[in-house]
$ cat data-v8.csv   # CSV, N, CA and C atoms and all ligand atoms
chain,number,residue,atom,x,y,z
A,222,MET,N,2.3,-9.4,9.1
A,222,MET,CA,3.5,-9.6,9.9
A,222,MET,C,3.7,-8.4,10.8
A,223,ILE,N,3.6,-7.2,10.3
A,223,ILE,CA,3.8,-5.9,11.1
A,223,ILE,C,2.7,-5.8,12.1
A,224,LEU,N,1.5,-6.2,11.7
A,224,LEU,CA,0.4,-6.1,12.7
A,224,LEU,C,0.7,-7.0,13.9
A,225,LYS,N,1.2,-8.2,13.6
A,225,LYS,CA,1.5,-9.1,14.7
A,225,LYS,C,2.6,-8.5,15.6
A,226,GLU,N,3.6,-7.9,14.9
A,226,GLU,CA,4.7,-7.3,15.7
A,226,GLU,C,4.2,-6.2,16.6
A,227,THR,N,3.3,-5.4,16.0
A,227,THR,CA,2.7,-4.2,16.8
A,227,THR,C,1.9,-4.7,17.9
A,228,CYS,N,1.0,-5.7,17.7
A,228,CYS,CA,0.2,-6.3,18.8
A,228,CYS,C,1.1,-6.9,19.9
A,229,MET,N,2.1,-7.6,19.5
A,229,MET,CA,3.0,-8.2,20.5
A,229,MET,C,3.7,-7.1,21.3
A,230,HIS,N,4.1,-6.0,20.6
A,230,HIS,CA,4.7,-4.9,21.3
A,230,HIS,C,3.8,-4.4,22.4
A,231,ALA,N,2.5,-4.1,21.9
A,231,ALA,CA,1.6,-3.5,22.8
A,231,ALA,C,1.3,-4.4,24.0
A,232,ALA,N,1.4,-5.7,23.8
A,232,ALA,CA,1.1,-6.6,24.9
A,232,ALA,C,2.3,-6.8,25.8
A,233,THR,N,3.5,-6.4,25.4
A,233,THR,CA,4.7,-6.7,26.2
A,233,THR,C,5.4,-5.4,26.7
A,234,CYS,N,5.1,-4.2,26.1
A,234,CYS,CA,5.7,-3.0,26.5
A,234,CYS,C,5.1,-2.5,27.8
A,235,GLU,N,6.0,-2.4,28.8
A,235,GLU,CA,5.5,-2.0,30.1
A,235,GLU,C,4.7,-0.7,30.2
A,236,THR,N,5.3,0.3,29.5
A,236,THR,CA,4.6,1.6,29.5
A,236,THR,C,3.3,1.5,28.7
A,237,ALA,N,3.3,0.7,27.6
A,237,ALA,CA,2.0,0.6,26.9
A,237,ALA,C,1.0,-0.1,27.7
A,238,LYS,N,1.4,-1.1,28.5
A,238,LYS,CA,0.4,-1.8,29.3
A,238,LYS,C,-0.2,-0.9,30.4
A,239,GLY,N,0.7,0.1,30.9
A,239,GLY,CA,0.2,1.1,31.8
A,239,GLY,C,-0.9,2.0,31.2
A,240,LEU,N,-0.7,2.3,29.9
A,240,LEU,CA,-1.7,3.1,29.2
A,240,LEU,C,-3.0,2.4,29.1
A,241,VAL,N,-2.9,1.1,28.7
A,241,VAL,CA,-4.1,0.3,28.5
A,241,VAL,C,-4.9,0.2,29.8
A,242,SER,N,-4.2,0.0,30.9
A,242,SER,CA,-4.9,-0.1,32.2
A,242,SER,C,-5.6,1.2,32.5
A,243,GLY,N,-5.2,2.3,31.9
A,243,GLY,CA,-5.8,3.6,32.2
A,243,GLY,C,-6.9,3.9,31.1
A,244,GLY,N,-7.1,2.9,30.2
A,244,GLY,CA,-8.2,3.1,29.2
A,244,GLY,C,-7.7,3.8,27.9
A,245,ILE,N,-6.4,3.9,27.7
A,245,ILE,CA,-5.8,4.6,26.6
A,245,ILE,C,-5.2,3.5,25.6
A,246,ALA,N,-5.6,3.6,24.3
A,246,ALA,CA,-5.1,2.7,23.3
A,246,ALA,C,-3.6,3.1,23.1
A,247,PRO,N,-2.7,2.1,23.2
A,247,PRO,CA,-1.3,2.4,23.2
A,247,PRO,C,-0.7,2.7,21.9
A,248,ILE,N,-1.3,2.2,20.8
A,248,ILE,CA,-0.7,2.4,19.4
A,248,ILE,C,-1.5,3.5,18.7
A,249,ASP,N,-0.8,4.5,18.2
A,249,ASP,CA,-1.5,5.6,17.5
A,249,ASP,C,-1.0,5.6,16.0
A,250,LEU,N,-1.9,5.8,15.1
A,250,LEU,CA,-1.5,6.0,13.7
A,250,LEU,C,-1.0,7.4,13.5
A,251,VAL,N,0.2,7.6,13.2
A,251,VAL,CA,0.8,9.0,13.3
A,251,VAL,C,0.7,9.7,11.9
A,252,SER,N,1.1,9.1,10.9
A,252,SER,CA,1.1,9.8,9.6
A,252,SER,C,1.2,8.8,8.4
A,253,GLU,N,1.0,9.4,7.2
A,253,GLU,CA,1.3,8.6,6.0
A,253,GLU,C,2.7,9.1,5.6
A,254,VAL,N,3.6,8.1,5.6
A,254,VAL,CA,5.0,8.4,5.3
A,254,VAL,C,5.2,8.8,3.8
A,255,ASN,N,4.5,7.9,3.0
A,255,ASN,CA,4.6,8.1,1.5
A,255,ASN,C,3.4,7.4,0.9
A,256,SER,N,3.1,7.8,-0.4
A,256,SER,CA,2.1,7.1,-1.1
A,256,SER,C,2.7,6.8,-2.5
A,257,TYR,N,2.3,5.6,-3.0
A,257,TYR,CA,2.7,5.2,-4.3
A,257,TYR,C,1.4,4.7,-5.0
A,258,GLY,N,0.8,5.6,-5.8
A,258,GLY,CA,-0.4,5.3,-6.4
A,258,GLY,C,-1.5,5.0,-5.4
A,259,LEU,N,-2.0,3.8,-5.4
A,259,LEU,CA,-3.1,3.4,-4.5
A,259,LEU,C,-2.5,2.8,-3.1
A,260,ALA,N,-1.2,2.6,-3.1
A,260,ALA,CA,-0.6,2.1,-1.9
A,260,ALA,C,0.0,3.2,-1.0
A,261,SER,N,0.0,3.0,0.3
A,261,SER,CA,0.6,4.0,1.2
A,261,SER,C,1.5,3.3,2.2
A,262,ILE,N,2.4,4.0,2.7
A,262,ILE,CA,3.2,3.5,3.8
A,262,ILE,C,2.8,4.4,5.0
A,263,LEU,N,2.3,3.7,6.0
A,263,LEU,CA,1.8,4.4,7.2
A,263,LEU,C,2.8,4.3,8.4
A,264,LEU,N,2.8,5.2,9.3
A,264,LEU,CA,3.6,5.2,10.5
A,264,LEU,C,2.7,5.1,11.7
A,265,ALA,N,2.9,4.1,12.5
A,265,ALA,CA,2.2,4.1,13.8
A,265,ALA,C,3.3,4.1,14.9
A,266,LYS,N,2.9,4.6,16.1
A,266,LYS,CA,3.9,4.7,17.2
A,266,LYS,C,3.2,4.1,18.5
A,267,CYS,N,4.1,3.6,19.3
A,267,CYS,CA,3.6,3.2,20.6
A,267,CYS,C,3.7,4.5,21.5
A,268,LEU,N,2.5,4.8,22.1
A,268,LEU,CA,2.5,6.0,22.9
A,268,LEU,C,3.2,5.8,24.2
A,269,GLY,N,3.6,4.6,24.6
A,269,GLY,CA,4.3,4.3,25.8
A,269,GLY,C,5.8,4.6,25.6
A,270,CYS,N,6.4,4.1,24.6
A,270,CYS,CA,7.9,4.2,24.4
A,270,CYS,C,8.3,4.8,23.1
A,271,ASN,N,7.4,5.3,22.3
A,271,ASN,CA,7.6,5.9,21.0
A,271,ASN,C,8.2,5.0,19.9
A,272,GLN,N,8.2,3.7,20.1
A,272,GLN,CA,8.7,2.8,19.1
A,272,GLN,C,7.8,2.9,17.9
A,273,ALA,N,8.5,3.0,16.7
A,273,ALA,CA,7.7,3.3,15.5
A,273,ALA,C,7.5,2.0,14.7
A,274,PHE,N,6.4,1.9,14.0
A,274,PHE,CA,6.1,0.7,13.2
A,274,PHE,C,5.6,1.2,11.8
A,275,LYS,N,6.2,0.8,10.8
A,275,LYS,CA,5.8,1.2,9.4
A,275,LYS,C,4.9,0.1,8.8
A,276,PHE,N,3.8,0.5,8.2
A,276,PHE,CA,2.9,-0.4,7.6
A,276,PHE,C,2.8,-0.1,6.1
A,277,ASP,N,2.9,-1.1,5.2
A,277,ASP,CA,2.5,-1.0,3.8
A,277,ASP,C,1.0,-1.3,3.7
A,278,THR,N,0.2,-0.6,3.0
A,278,THR,CA,-1.2,-0.9,2.9
A,278,THR,C,-1.5,-1.9,1.9
A,279,SER,N,-0.5,-2.3,1.1
A,279,SER,CA,-0.6,-3.4,0.1
A,279,SER,C,0.7,-4.1,0.1
A,280,PRO,N,0.7,-5.4,-0.1
A,280,PRO,CA,2.0,-6.2,-0.2
A,280,PRO,C,2.7,-5.8,-1.5
A,281,ARG,N,4.1,-5.9,-1.4
A,281,ARG,CA,4.9,-5.7,-2.5
A,281,ARG,C,5.1,-7.0,-3.2
A,282,LEU,N,5.1,-6.9,-4.6
A,282,LEU,CA,5.3,-8.1,-5.4
A,282,LEU,C,6.8,-8.3,-5.6
A,283,GLU,N,7.2,-9.4,-6.2
A,283,GLU,CA,8.6,-9.6,-6.6
A,283,GLU,C,9.2,-8.5,-7.5
A,284,SER,N,8.3,-7.9,-8.3
A,284,SER,CA,8.6,-6.9,-9.2
A,284,SER,C,9.0,-5.6,-8.5
A,285,GLY,N,8.6,-5.5,-7.2
A,285,GLY,CA,8.9,-4.3,-6.4
A,285,GLY,C,7.6,-3.4,-6.4
A,286,ASN,N,6.7,-3.7,-7.3
A,286,ASN,CA,5.5,-2.9,-7.3
A,286,ASN,C,4.5,-3.3,-6.2
A,287,PHE,N,3.7,-2.4,-5.8
A,287,PHE,CA,2.6,-2.8,-4.9
A,287,PHE,C,1.5,-3.5,-5.6
A,288,ASP,N,1.0,-4.6,-4.9
A,288,ASP,CA,0.0,-5.5,-5.5
A,288,ASP,C,-1.2,-4.7,-5.9
A,289,VAL,N,-1.7,-3.7,-5.1
A,289,VAL,CA,-2.9,-3.0,-5.5
A,289,VAL,C,-2.7,-2.2,-6.8
A,290,ASN,N,-1.5,-1.7,-7.0
A,290,ASN,CA,-1.3,-0.9,-8.2
A,290,ASN,C,-1.2,-1.8,-9.4
A,291,VAL,N,-0.7,-3.0,-9.3
A,291,VAL,CA,-0.6,-3.9,-10.4
A,291,VAL,C,-2.1,-4.4,-10.7
A,292,ARG,N,-2.8,-4.6,-9.7
A,292,ARG,CA,-4.2,-5.0,-9.9
A,292,ARG,C,-5.0,-3.9,-10.6
A,293,ALA,N,-4.8,-2.7,-10.2
A,293,ALA,CA,-5.5,-1.5,-10.8
A,293,ALA,C,-5.1,-1.5,-12.3
A,294,LEU,N,-3.8,-1.6,-12.6
A,294,LEU,CA,-3.4,-1.6,-14.0
A,294,LEU,C,-4.0,-2.7,-14.8
A,295,TRP,N,-4.0,-3.9,-14.2
A,295,TRP,CA,-4.5,-5.1,-14.9
A,295,TRP,C,-6.0,-4.9,-15.2
A,296,GLY,N,-6.7,-4.5,-14.2
A,296,GLY,CA,-8.2,-4.3,-14.3
A,296,GLY,C,-8.5,-3.2,-15.4
A,297,THR,N,-7.6,-2.2,-15.4
A,297,THR,CA,-7.8,-1.2,-16.4
A,297,THR,C,-7.6,-1.7,-17.8
A,298,LEU,N,-6.5,-2.4,-18.0
A,298,LEU,CA,-6.2,-2.9,-19.3
A,298,LEU,C,-7.2,-4.0,-19.8
A,299,ILE,N,-7.6,-4.9,-18.9
A,299,ILE,CA,-8.5,-6.0,-19.3
A,299,ILE,C,-9.8,-5.4,-19.7
A,300,THR,N,-10.2,-4.3,-19.2
A,300,THR,CA,-11.5,-3.7,-19.6
A,300,THR,C,-11.3,-2.8,-20.8
A,301,GLY,N,-10.2,-2.8,-21.4
A,301,GLY,CA,-9.9,-2.0,-22.6
A,301,GLY,C,-9.7,-0.6,-22.4
A,302,ASN,N,-9.3,-0.2,-21.2
A,302,ASN,CA,-9.1,1.2,-20.9
A,302,ASN,C,-7.6,1.5,-20.7
A,303,GLY,N,-7.3,2.7,-20.3
A,303,GLY,CA,-5.9,3.1,-20.1
A,303,GLY,C,-5.8,4.0,-18.8
A,304,LEU,N,-4.6,4.6,-18.7
A,304,LEU,CA,-4.3,5.4,-17.5
A,304,LEU,C,-5.3,6.5,-17.3
A,305,SER,N,-5.7,7.2,-18.3
A,305,SER,CA,-6.6,8.3,-18.1
A,305,SER,C,-8.0,7.8,-17.5
A,306,HIS,N,-8.5,6.7,-18.0
A,306,HIS,CA,-9.7,6.1,-17.5
A,306,HIS,C,-9.5,5.7,-16.0
A,307,LEU,N,-8.4,5.1,-15.7
A,307,LEU,CA,-8.2,4.7,-14.4
A,307,LEU,C,-8.1,5.9,-13.4
A,308,ASN,N,-7.4,6.9,-13.8
A,308,ASN,CA,-7.3,8.1,-13.0
A,308,ASN,C,-8.6,8.8,-12.8
A,309,GLU,N,-9.4,8.8,-13.9
A,309,GLU,CA,-10.7,9.5,-13.8
A,309,GLU,C,-11.6,8.7,-12.7
A,310,LEU,N,-11.6,7.4,-12.8
A,310,LEU,CA,-12.3,6.6,-11.9
A,310,LEU,C,-11.8,6.8,-10.4
A,311,LEU,N,-10.5,6.8,-10.3
A,311,LEU,CA,-9.9,7.0,-8.9
A,311,LEU,C,-10.2,8.4,-8.4
A,312,ALA,N,-10.2,9.4,-9.3
A,312,ALA,CA,-10.5,10.8,-8.8
A,312,ALA,C,-12.0,10.8,-8.3
A,313,VAL,N,-12.9,10.2,-9.0
A,313,VAL,CA,-14.3,10.1,-8.5
A,313,VAL,C,-14.4,9.5,-7.2
A,314,LEU,N,-13.5,8.5,-7.0
A,314,LEU,CA,-13.5,7.8,-5.7
A,314,LEU,C,-12.7,8.6,-4.6
A,315,ASP,N,-12.2,9.8,-5.0
A,315,ASP,CA,-11.4,10.6,-4.1
A,315,ASP,C,-10.1,9.9,-3.7
A,316,SER,N,-9.6,9.1,-4.6
A,316,SER,CA,-8.4,8.3,-4.4
A,316,SER,C,-7.2,8.9,-5.2
A,317,PRO,N,-6.0,8.8,-4.8
A,317,PRO,CA,-4.9,9.2,-5.6
A,317,PRO,C,-4.8,8.2,-6.8
A,318,GLY,N,-4.3,8.7,-7.9
A,318,GLY,CA,-4.1,7.9,-9.1
A,318,GLY,C,-2.7,7.5,-9.3
A,319,LEU,N,-2.4,6.9,-10.5
A,319,LEU,CA,-1.1,6.5,-10.8
A,319,LEU,C,-0.5,7.5,-11.8
A,320,SER,N,0.8,7.8,-11.6
A,320,SER,CA,1.5,8.6,-12.6
A,320,SER,C,1.7,7.8,-13.9
A,321,ARG,N,2.0,8.5,-15.0
A,321,ARG,CA,2.3,7.8,-16.2
A,321,ARG,C,3.6,7.0,-16.0
A,322,LYS,N,4.6,7.5,-15.3
A,322,LYS,CA,5.8,6.8,-15.1
A,322,LYS,C,5.6,5.5,-14.3
A,323,SER,N,4.7,5.6,-13.2
A,323,SER,CA,4.4,4.4,-12.5
A,323,SER,C,3.6,3.4,-13.3
A,324,PHE,N,2.7,3.8,-14.1
A,324,PHE,CA,1.9,3.0,-14.9
A,324,PHE,C,2.8,2.2,-15.9
A,325,LEU,N,3.7,2.9,-16.5
A,325,LEU,CA,4.6,2.3,-17.5
A,325,LEU,C,5.6,1.3,-16.8
A,326,ASP,N,6.1,1.7,-15.6
A,326,ASP,CA,7.0,0.9,-14.8
A,326,ASP,C,6.3,-0.4,-14.5
A,327,ILE,N,5.0,-0.4,-14.0
A,327,ILE,CA,4.3,-1.6,-13.7
A,327,ILE,C,4.1,-2.4,-14.9
A,328,GLU,N,3.7,-1.8,-16.0
A,328,GLU,CA,3.5,-2.5,-17.2
A,328,GLU,C,4.7,-3.3,-17.7
A,329,ILE,N,5.9,-2.6,-17.6
A,329,ILE,CA,7.2,-3.2,-18.0
A,329,ILE,C,7.6,-4.4,-17.1
A,330,LYS,N,7.5,-4.1,-15.8
A,330,LYS,CA,8.0,-5.1,-14.8
A,330,LYS,C,7.1,-6.3,-14.7
A,331,ASN,N,5.8,-6.1,-15.1
A,331,ASN,CA,4.9,-7.2,-15.0
A,331,ASN,C,4.4,-7.6,-16.4
A,332,LYS,N,5.4,-7.6,-17.3
A,332,LYS,CA,5.1,-7.9,-18.7
A,332,LYS,C,4.3,-9.2,-18.9
A,333,GLN,N,4.7,-10.2,-18.2
A,333,GLN,CA,4.1,-11.5,-18.4
A,333,GLN,C,2.6,-11.4,-18.0
A,334,LEU,N,2.3,-10.7,-17.0
A,334,LEU,CA,0.9,-10.6,-16.5
A,334,LEU,C,0.1,-9.8,-17.6
A,335,VAL,N,0.7,-8.7,-18.0
A,335,VAL,CA,0.0,-7.8,-19.0
A,335,VAL,C,-0.2,-8.6,-20.3
A,336,GLU,N,0.8,-9.4,-20.7
A,336,GLU,CA,0.6,-10.2,-22.0
A,336,GLU,C,-0.4,-11.3,-21.9
A,337,SER,N,-0.8,-11.7,-20.6
A,337,SER,CA,-1.8,-12.7,-20.5
A,337,SER,C,-3.2,-12.2,-20.7
A,338,ILE,N,-3.3,-10.8,-20.8
A,338,ILE,CA,-4.7,-10.2,-21.1
A,338,ILE,C,-5.1,-10.5,-22.5
A,339,PRO,N,-6.3,-11.1,-22.7
A,339,PRO,CA,-6.7,-11.4,-24.0
A,339,PRO,C,-7.0,-10.1,-24.8
A,340,THR,N,-6.7,-10.1,-26.1
A,340,THR,CA,-7.0,-8.9,-26.9
A,340,THR,C,-8.1,-9.2,-27.8
A,341,GLY,N,-8.8,-8.1,-28.3
A,341,GLY,CA,-9.8,-8.3,-29.3
A,341,GLY,C,-11.1,-8.7,-28.6
B,1,ZN,ZN,6.1,0.6,23.7
$ encode --input "data-v8.csv" --output "structure tokens" --more "lines below"
Ligand SMILES: [Zn+2]
Amino acid sequence: MILKETCMHAATCETAKGLVSGGIAPIDLVSEVNSYGLASILLAKCLGCNQAFKFDTSPRLESGNFDVNVRALWGTLITGNGLSHLNELLAVLDSPGLSRKSFLDIEIKNKQLVESIPTG
């Protein structure tokens, strides 16, 4: 949705269109606003008019957790591992890990999903 909004802006913003005709890409990725485990919130701006666009790198679930973090927790638990194993793997991949607080929050808020994991 935000990608569509950004593209539509670039196609309709008069100053952005002027940049494009000069060979300059009108949308620039400015910064990472925040990160939550494996998910990030990124900020992009129109170089023509400075309108800002925030992007989540992963959709949020009804639980409020980012989908990628829930999947990471689920994959960790279903393989019989825990937070330490997940964070070791993520560190090798040069990726941020999940805090204990986030891991527990995801586990509690997605209890039904966690309980669907077969044991033994
Ligand atoms: Zn603009």
$ closest_residue --input "data-v8.csv" --among "A:Val254, A:Cys234, A:Leu240, A:Ile338" --to "Gly296 of chain A" --atoms "only C-alpha atoms"
A:Ile338
$ residues_around --input "data-v8.csv" --residues "segment 265-272 of chain A" --least-positions-apart "5" --cutoff "8 Å" --atoms "only C-alpha atoms" --output "PyMOL selection string"
chain A and resi 231+234-237+239-240+247-252
$ residues_around --input "data-v8.csv" --residues "Gly318 of chain A" --least-positions-apart "2" --cutoff "6.5 Å" --atoms "all atoms listed in the file" --output "ChimeraX atom specification"
/A:258-259,307-308,311-312,316,320
$ write_last_selection --input "data-v8.csv" --atoms "N, CA and C atoms" --output "compact mmCIF listing (two decimals), keeping the file's coordinate frame"
# COMPACT_ATOMS: atom_id res chain seq x y z
N GLY A 258 0.80 5.60 -5.80
CA GLY A 258 -0.40 5.30 -6.40
C GLY A 258 -1.50 5.00 -5.40
N LEU A 259 -2.00 3.80 -5.40
CA LEU A 259 -3.10 3.40 -4.50
C LEU A 259 -2.50 2.80 -3.10
N LEU A 307 -8.40 5.10 -15.70
CA LEU A 307 -8.20 4.70 -14.40
C LEU A 307 -8.10 5.90 -13.40
N ASN A 308 -7.40 6.90 -13.80
CA ASN A 308 -7.30 8.10 -13.00
C ASN A 308 -8.60 8.80 -12.80
N LEU A 311 -10.50 6.80 -10.30
CA LEU A 311 -9.90 7.00 -8.90
C LEU A 311 -10.20 8.40 -8.40
N ALA A 312 -10.20 9.40 -9.30
CA ALA A 312 -10.50 10.80 -8.80
C ALA A 312 -12.00 10.80 -8.30
N SER A 316 -9.60 9.10 -4.60
CA SER A 316 -8.40 8.30 -4.40
C SER A 316 -7.20 8.90 -5.20
N SER A 320 0.80 7.80 -11.60
CA SER A 320 1.50 8.60 -12.60
C SER A 320 1.70 7.80 -13.90
$ atom_distance --input "data-v8.csv" --atom1 "atom CA of Leu314 of chain A" --atom2 "atom CA of Leu263 of chain A"
20.3 Å
$ closest_residue --input "data-v8.csv" --among "A:Ala232, A:Leu282, A:Ala260, A:Leu224" --to "ligand ZN 1 (chain B)" --atoms "only N, CA and C atoms and all ligand atoms"
A:Ala232
$ closest_residue --input "data-v8.csv" --among "A:Ile329, A:Val289, A:Ala273, A:Ile262" --to "ligand ZN 1 (chain B)" --atoms "all atoms listed in the file"
A:Ala273
$ atom_distance --input "data-v8.csv" --atom1 "atom CA of Pro317 of chain A" --atom2 "atom CA of Lys225 of chain A"
28.1 Å
$ atom_distance --input "data-v8.csv" --atom1 "atom C of Phe276 of chain A" --atom2 "atom C of Ser261 of chain A"
5.3 Å
$ decode --input "data-v8.csv" --residues "segment 245-269 of chain A" --atoms "N, CA and C atoms" --output "CSV table (one decimal), in the first residue's frame"
chain,number,residue,atom,x,y,z
A,245,ILE,N,17.1,12.2,-12.3
A,245,ILE,CA,17.3,12.0,-10.9
A,245,ILE,C,16.1,11.3,-10.3
A,246,ALA,N,16.4,10.2,-9.6
A,246,ALA,CA,15.4,9.4,-9.0
A,246,ALA,C,14.7,10.3,-7.9
A,247,PRO,N,13.4,10.5,-7.9
A,247,PRO,CA,12.8,11.4,-7.0
A,247,PRO,C,12.6,10.9,-5.5
A,248,ILE,N,12.6,9.6,-5.3
A,248,ILE,CA,12.4,9.1,-4.0
A,248,ILE,C,13.7,8.6,-3.4
A,249,ASP,N,14.1,9.0,-2.2
A,249,ASP,CA,15.3,8.6,-1.6
A,249,ASP,C,15.0,7.9,-0.2
A,250,LEU,N,15.7,6.8,0.0
A,250,LEU,CA,15.6,6.1,1.3
A,250,LEU,C,16.4,6.9,2.3
A,251,VAL,N,15.8,7.5,3.3
A,251,VAL,CA,16.6,8.4,4.2
A,251,VAL,C,17.2,7.7,5.4
A,252,SER,N,16.4,6.9,6.1
A,252,SER,CA,16.9,6.3,7.3
A,252,SER,C,16.0,5.2,7.8
A,253,GLU,N,16.6,4.5,8.8
A,253,GLU,CA,15.8,3.5,9.5
A,253,GLU,C,15.3,4.2,10.7
A,254,VAL,N,14.0,4.4,10.8
A,254,VAL,CA,13.4,5.1,12.0
A,254,VAL,C,13.5,4.3,13.2
A,255,ASN,N,13.3,3.0,13.1
A,255,ASN,CA,13.3,2.1,14.3
A,255,ASN,C,13.4,0.7,13.8
A,256,SER,N,13.9,-0.2,14.7
A,256,SER,CA,13.9,-1.6,14.3
A,256,SER,C,13.3,-2.4,15.5
A,257,TYR,N,12.6,-3.4,15.2
A,257,TYR,CA,11.9,-4.3,16.1
A,257,TYR,C,12.3,-5.7,15.7
A,258,GLY,N,13.4,-6.2,16.3
A,258,GLY,CA,13.8,-7.6,15.9
A,258,GLY,C,14.3,-7.6,14.5
A,259,LEU,N,13.6,-8.4,13.7
A,259,LEU,CA,13.9,-8.5,12.3
A,259,LEU,C,13.2,-7.5,11.4
A,260,ALA,N,12.3,-6.8,12.0
A,260,ALA,CA,11.5,-5.8,11.2
A,260,ALA,C,12.1,-4.4,11.4
A,261,SER,N,11.9,-3.6,10.4
A,261,SER,CA,12.4,-2.2,10.5
A,261,SER,C,11.3,-1.3,10.0
A,262,ILE,N,11.4,0.0,10.4
A,262,ILE,CA,10.5,1.0,9.9
A,262,ILE,C,11.5,2.0,9.2
A,263,LEU,N,11.3,2.1,7.9
A,263,LEU,CA,12.2,2.9,7.1
A,263,LEU,C,11.5,4.2,6.7
A,264,LEU,N,12.3,5.2,6.5
A,264,LEU,CA,11.7,6.5,6.0
A,264,LEU,C,12.3,6.9,4.7
A,265,ALA,N,11.4,7.2,3.7
A,265,ALA,CA,11.8,7.6,2.4
A,265,ALA,C,11.2,9.0,2.2
A,266,LYS,N,11.9,9.8,1.4
A,266,LYS,CA,11.4,11.2,1.1
A,266,LYS,C,11.4,11.5,-0.3
A,267,CYS,N,10.4,12.3,-0.7
A,267,CYS,CA,10.4,12.8,-2.1
A,267,CYS,C,11.4,14.0,-2.1
A,268,LEU,N,12.4,13.9,-3.1
A,268,LEU,CA,13.4,14.9,-3.2
A,268,LEU,C,12.9,16.2,-3.7
A,269,GLY,N,11.7,16.1,-4.3
A,269,GLY,CA,11.1,17.3,-4.9
A,269,GLY,C,10.4,18.2,-3.9
